[in-house]
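Here is protein-v3.pdb, consisting of PDB, C-alpha atoms, pLDDT in the B column:
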ATOM      1  CA  MET A1212      11.897  95.875-146.271  1.00 71.00           C
ATOM      2  CA  THR A1213      13.636  96.511-142.964  1.00 81.00           C
ATOM      3  CA  GLU A1214      12.420  94.489-140.002  1.00 80.00           C
ATOM      4  CA  LEU A1215      11.298  96.517-137.016  1.00 78.00           C
ATOM      5  CA  ILE A1216      10.654  95.216-133.514  1.00 73.00           C
ATOM      6  CA  THR A1217       7.570  96.990-132.164  1.00 74.00           C
ATOM      7  CA  GLY A1218       6.970  94.924-129.049  1.00 74.00           C
ATOM      8  CA  ILE A1219       8.169  91.943-127.087  1.00 77.00           C
ATOM      9  CA  GLN A1220       5.712  89.312-125.933  1.00 84.00           C
ATOM     10  CA  GLN A1221       8.077  87.620-123.491  1.00 87.00           C
ATOM     11  CA  VAL A1222      11.731  87.306-122.601  1.00 87.00           C
ATOM     12  CA  GLY A1223      13.249  83.858-122.148  1.00 87.00           C
ATOM     13  CA  ILE A1224      15.327  83.470-119.008  1.00 89.00           C
ATOM     14  CA  GLY A1225      17.473  80.350-118.745  1.00 88.00           C
ATOM     15  CA  VAL A1226      17.745  79.010-115.195  1.00 92.00           C
ATOM     16  CA  GLN A1227      19.007  75.908-113.417  1.00 92.00           C
ATOM     17  CA  ASP A1228      16.051  75.689-110.988  1.00 95.00           C
ATOM     18  CA  ALA A1229      12.697  76.799-112.422  1.00 96.00           C
ATOM     19  CA  ASP A1230      10.808  76.538-109.109  1.00 97.00           C
ATOM     20  CA  THR A1231      13.257  78.809-107.271  1.00 97.00           C
ATOM     21  CA  ALA A1232      13.362  81.293-110.157  1.00 96.00           C
ATOM     22  CA  LYS A1233       9.559  81.370-110.477  1.00 96.00           C
ATOM     23  CA  LEU A1234       9.205  82.372-106.808  1.00 96.00           C
ATOM     24  CA  ALA A1235      12.012  84.955-107.026  1.00 94.00           C
ATOM     25  CA  TYR A1236      10.451  86.645-110.080  1.00 92.00           C
ATOM     26  CA  LYS A1237       7.045  86.596-108.392  1.00 91.00           C
ATOM     27  CA  MET A1238       8.383  88.219-105.200  1.00 88.00           C
ATOM     28  CA  ASN A1239      10.775  90.704-106.815  1.00 84.00           C
ATOM     29  CA  PHE A1240       8.971  91.673-110.026  1.00 85.00           C
ATOM     30  CA  GLY A1241       5.318  90.839-109.406  1.00 86.00           C
ATOM     31  CA  MET A1242       5.260  88.125-112.099  1.00 90.00           C
ATOM     32  CA  ASN A1243       2.373  86.406-110.344  1.00 90.00           C
ATOM     33  CA  VAL A1244       0.105  85.251-113.187  1.00 92.00           C
ATOM     34  CA  LYS A1245       1.118  81.828-114.477  1.00 94.00           C
ATOM     35  CA  VAL A1246       0.091  81.399-118.126  1.00 94.00           C
ATOM     36  CA  PHE A1247       1.583  77.936-118.509  1.00 96.00           C
ATOM     37  CA  ASP A1248       3.969  75.460-116.914  1.00 97.00           C
ATOM     38  CA  ASP A1249       4.981  72.941-119.563  1.00 96.00           C
ATOM     39  CA  VAL A1250       7.431  70.053-119.950  1.00 97.00           C
ATOM     40  CA  ALA A1251       8.259  68.996-123.525  1.00 95.00           C
ATOM     41  CA  GLU A1252      10.936  68.432-126.140  1.00 94.00           C
ATOM     42  CA  ALA A1253      12.226  71.810-127.333  1.00 89.00           C
ATOM     43  CA  SER A1254      12.209  70.911-131.029  1.00 89.00           C
ATOM     44  CA  LEU A1255      11.918  74.553-132.156  1.00 86.00           C
ATOM     45  CA  MET A1256      14.994  75.555-130.131  1.00 82.00           C
ATOM     46  CA  THR A1257      17.578  73.292-131.796  1.00 85.00           C
ATOM     47  CA  LYS A1258      19.193  76.328-133.447  1.00 83.00           C
ATOM     48  CA  TYR A1259      20.156  77.446-129.934  1.00 75.00           C
ATOM     49  CA  THR A1260      20.847  74.034-128.351  1.00 78.00           C
ATOM     50  CA  GLY A1261      23.642  72.679-130.533  1.00 80.00           C
ATOM     51  CA  ASN A1262      21.265  71.230-133.143  1.00 88.00           C
ATOM     52  CA  GLU A1263      19.990  68.690-130.619  1.00 88.00           C
ATOM     53  CA  LYS A1264      16.486  68.309-129.219  1.00 92.00           C
ATOM     54  CA  HIS A1265      16.458  68.672-125.452  1.00 92.00           C
ATOM     55  CA  ARG A1266      13.762  68.152-122.895  1.00 95.00           C
ATOM     56  CA  ARG A1267      12.906  71.351-121.045  1.00 94.00           C
ATOM     57  CA  ARG A1268      10.497  72.919-118.624  1.00 97.00           C
ATOM     58  CA  ALA A1269       9.071  76.326-119.504  1.00 96.00           C
ATOM     59  CA  ILE A1270       6.967  78.562-117.261  1.00 97.00           C
ATOM     60  CA  LEU A1271       5.436  81.773-118.619  1.00 96.00           C
ATOM     61  CA  SER A1272       4.442  84.304-115.981  1.00 95.00           C
ATOM     62  CA  LEU A1273       3.094  87.833-116.315  1.00 91.00           C
ATOM     63  CA  ASN A1274       2.492  90.914-114.224  1.00 86.00           C
ATOM     64  CA  MET A1275      -1.081  92.169-114.663  1.00 83.00           C
ATOM     65  CA  ALA A1276       0.185  95.774-114.695  1.00 80.00           C
ATOM     66  CA  GLY A1277       1.280  95.121-118.270  1.00 77.00           C
ATOM     67  CA  GLY A1278       4.400  94.609-120.304  1.00 78.00           C
ATOM     68  CA  GLY A1279       6.039  91.430-121.507  1.00 83.00           C
ATOM     69  CA  GLY A1280       6.205  88.167-119.639  1.00 90.00           C
ATOM     70  CA  PHE A1281       9.069  86.122-118.257  1.00 93.00           C
ATOM     71  CA  GLU A1282       9.503  82.684-119.833  1.00 94.00           C
ATOM     72  CA  ILE A1283      11.504  80.750-117.285  1.00 95.00           C
ATOM     73  CA  TRP A1284      13.316  77.987-119.182  1.00 92.00           C
ATOM     74  CA  GLN A1285      15.133  75.038-117.586  1.00 95.00           C
ATOM     75  CA  PHE A1286      16.870  72.160-119.365  1.00 93.00           C
ATOM     76  CA  LEU A1287      15.759  68.757-118.053  1.00 95.00           C
ATOM     77  CA  SER A1288      17.839  66.528-120.331  1.00 93.00           C
ATOM     78  CA  ARG A1289      21.182  68.196-119.667  1.00 88.00           C
ATOM     79  CA  LYS A1290      22.812  70.674-117.346  1.00 83.00           C
ATOM     80  CA  ALA A1291      22.665  74.315-118.418  1.00 78.00           C
ATOM     81  CA  ILE A1292      26.003  75.879-119.262  1.00 73.00           C
ATOM     82  CA  HIS A1293      27.050  79.503-119.267  1.00 70.00           C
ATOM     83  CA  PRO A1294      27.453  81.068-122.719  1.00 65.00           C
ATOM     84  CA  ASN A1295      30.988  81.629-123.953  1.00 64.00           C
ATOM     85  CA  THR A1296      32.621  84.900-123.011  1.00 59.00           C
ATOM     86  CA  GLY A1297      32.741  86.121-126.628  1.00 64.00           C
ATOM     87  CA  ILE A1298      29.128  87.354-126.616  1.00 63.00           C
ATOM     88  CA  ALA A1299      28.662  91.019-127.524  1.00 65.00           C
ATOM     89  CA  LEU A1300      25.614  93.302-127.450  1.00 61.00           C
ATOM     90  CA  ARG A1301      25.371  93.185-131.255  1.00 60.00           C
ATOM     91  CA  ASP A1302      24.785  89.391-131.155  1.00 60.00           C
ATOM     92  CA  THR A1303      21.338  87.823-131.438  1.00 61.00           C
ATOM     93  CA  GLY A1304      19.484  87.904-128.160  1.00 63.00           C
ATOM     94  CA  ILE A1305      18.345  90.288-125.477  1.00 64.00           C
ATOM     95  CA  PHE A1306      20.833  91.089-122.739  1.00 63.00           C
ATOM     96  CA  ALA A1307      18.845  93.600-120.697  1.00 69.00           C
ATOM     97  CA  VAL A1308      15.188  94.021-119.842  1.00 71.00           C
ATOM     98  CA  LYS A1309      13.552  97.267-118.751  1.00 72.00           C
ATOM     99  CA  ILE A1310      10.696  96.847-116.277  1.00 73.00           C
ATOM    100  CA  LYS A1311       8.066  99.454-115.387  1.00 71.00           C
ATOM    101  CA  SER A1312       7.356 100.007-111.710  1.00 72.00           C
ATOM    102  CA  GLN A1313       4.755 102.031-109.825  1.00 75.00           C
ATOM    103  CA  ASN A1314       6.905 101.837-106.690  1.00 77.00           C
ATOM    104  CA  ILE A1315      10.626 101.454-107.320  1.00 75.00           C
ATOM    105  CA  GLN A1316      11.437 100.828-103.637  1.00 80.00           C
ATOM    106  CA  LYS A1317       9.072  97.831-103.562  1.00 73.00           C
ATOM    107  CA  SER A1318      10.515  96.533-106.835  1.00 65.00           C
ATOM    108  CA  ARG A1319      13.958  96.141-105.229  1.00 59.00           C
TER     109      ARG A1319
END
Could you render the structure from this file as structure tokens?
Amino acid sequence: MTELITGIQQVGIGVQDADTAKLAYKMNFGMNVKVFDDVAEASLMTKYTGNEKHRRRAILSLNMAGGGGFEIWQFLSRKAIHPNTGIALRDTGIFAVKIKSQNIQKSR
């Protein structure tokens, strides 16, 4: 059976400062409903963190107009690094997000 993506619940966005990012996404994209703000060991993310558990902060925010949420994700146990330059669109992950807007000028 072929797997088919029919919807996305949230998109993870790695940042170096979760508080600054949270405010920027609220102001620029209307992500003003905080679902959670959690600090924990990211034991389910070891596949993506060099097979090591890292402490992280995750904030999930939504826009009540609908669509997926933004999961703002900040390492607390190490400094975030940029991915290598060999990443291509066919690789695992989402590299672009489309956002609906009722007023494109206000959405910036």
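From atom CA of A:Arg1266 back to atom CA of A:Phe1240, the distance works out to 27.2 Å.
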Separation of atom CA of A:Thr1231 from atom CA of A:Arg1267, in Å and rounded to one decimal:
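Atom CA of A:Arg1267 lies 15.7 Å from atom CA of A:Thr1231.
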Spell out the residues picked by the PyMOL selection byres ((chain A and resi 1254) around 9) here, as a short mmCIF file (atom, residue, chain, number, x, y, z; two decimals) with C-alpha atoms, in the coordinates of the input.
data_model
loop_
_atom_site.label_atom_id
_atom_site.label_comp_id
_atom_site.auth_asym_id
_atom_site.auth_seq_id
_atom_site.Cartn_x
_atom_site.Cartn_y
_atom_site.Cartn_z
CA ALA A 1251 8.26 69.00 -123.52
CA GLU A 1252 10.94 68.43 -126.14
CA ALA A 1253 12.23 71.81 -127.33
CA LEU A 1255 11.92 74.55 -132.16
CA MET A 1256 14.99 75.56 -130.13
CA THR A 1257 17.58 73.29 -131.80
CA GLU A 1263 19.99 68.69 -130.62
CA LYS A 1264 16.49 68.31 -129.22
CA HIS A 1265 16.46 68.67 -125.45
CA ARG A 1266 13.76 68.15 -122.90
#
Evaluate the PyMOL selection byres ((chain A and resi 1250) around 12) and record the selected residues as a PyMOL selection string, following the chain and residue labels used in the document.
chain A and resi 1229+1247-1249+1251-1253+1265-1271+1283-1288
Up to 12 Å from (6.9, 101.6, -116.5) in the file's coordinates: name the residues, counting only C-alpha atoms, as a ChimeraX atom specification.
/A:1274,1276-1279,1308-1315,1318
In Å to one decimal, how far is atom CA of A:Tyr1259 from atom CA of A:Glu1214?
21.3 Å
Which residue is closest to A:Gly1225? Choose from A:Glu1282, A:Arg1289, A:Val1246, A:Lys1317 and count only C-alpha atoms.
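Comparing A:Glu1282, A:Arg1289, A:Val1246, A:Lys1317 against A:Gly1225, the winner is A:Glu1282.
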Here is a test: counting only C-alpha atoms, which residue of A:Asp1228, A:Ala1291, A:Met1212, A:Gln1221 is nearest to A:Met1242?
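For A:Met1242, the nearest of the given residues is A:Gln1221.
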Where's the centre, and what are the edge lengths in Å to one decimal, of a box along x, y and z enclosing all listed atoms of stretch 1255-1271 of chain A padded 4 Å per side, as AutoDock Vina command-line options?
--center_x 14.5 --center_y 75.0 --center_z -125.4 --size_x 26.2 --size_y 21.6 --size_z 24.2
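Among the candidates A:Asn1243, A:Tyr1236, A:Gly1261, A:Lys1290, the residue lying nearest to A:Ile1224 is A:Tyr1236 (atoms considered: only C-alpha atoms).
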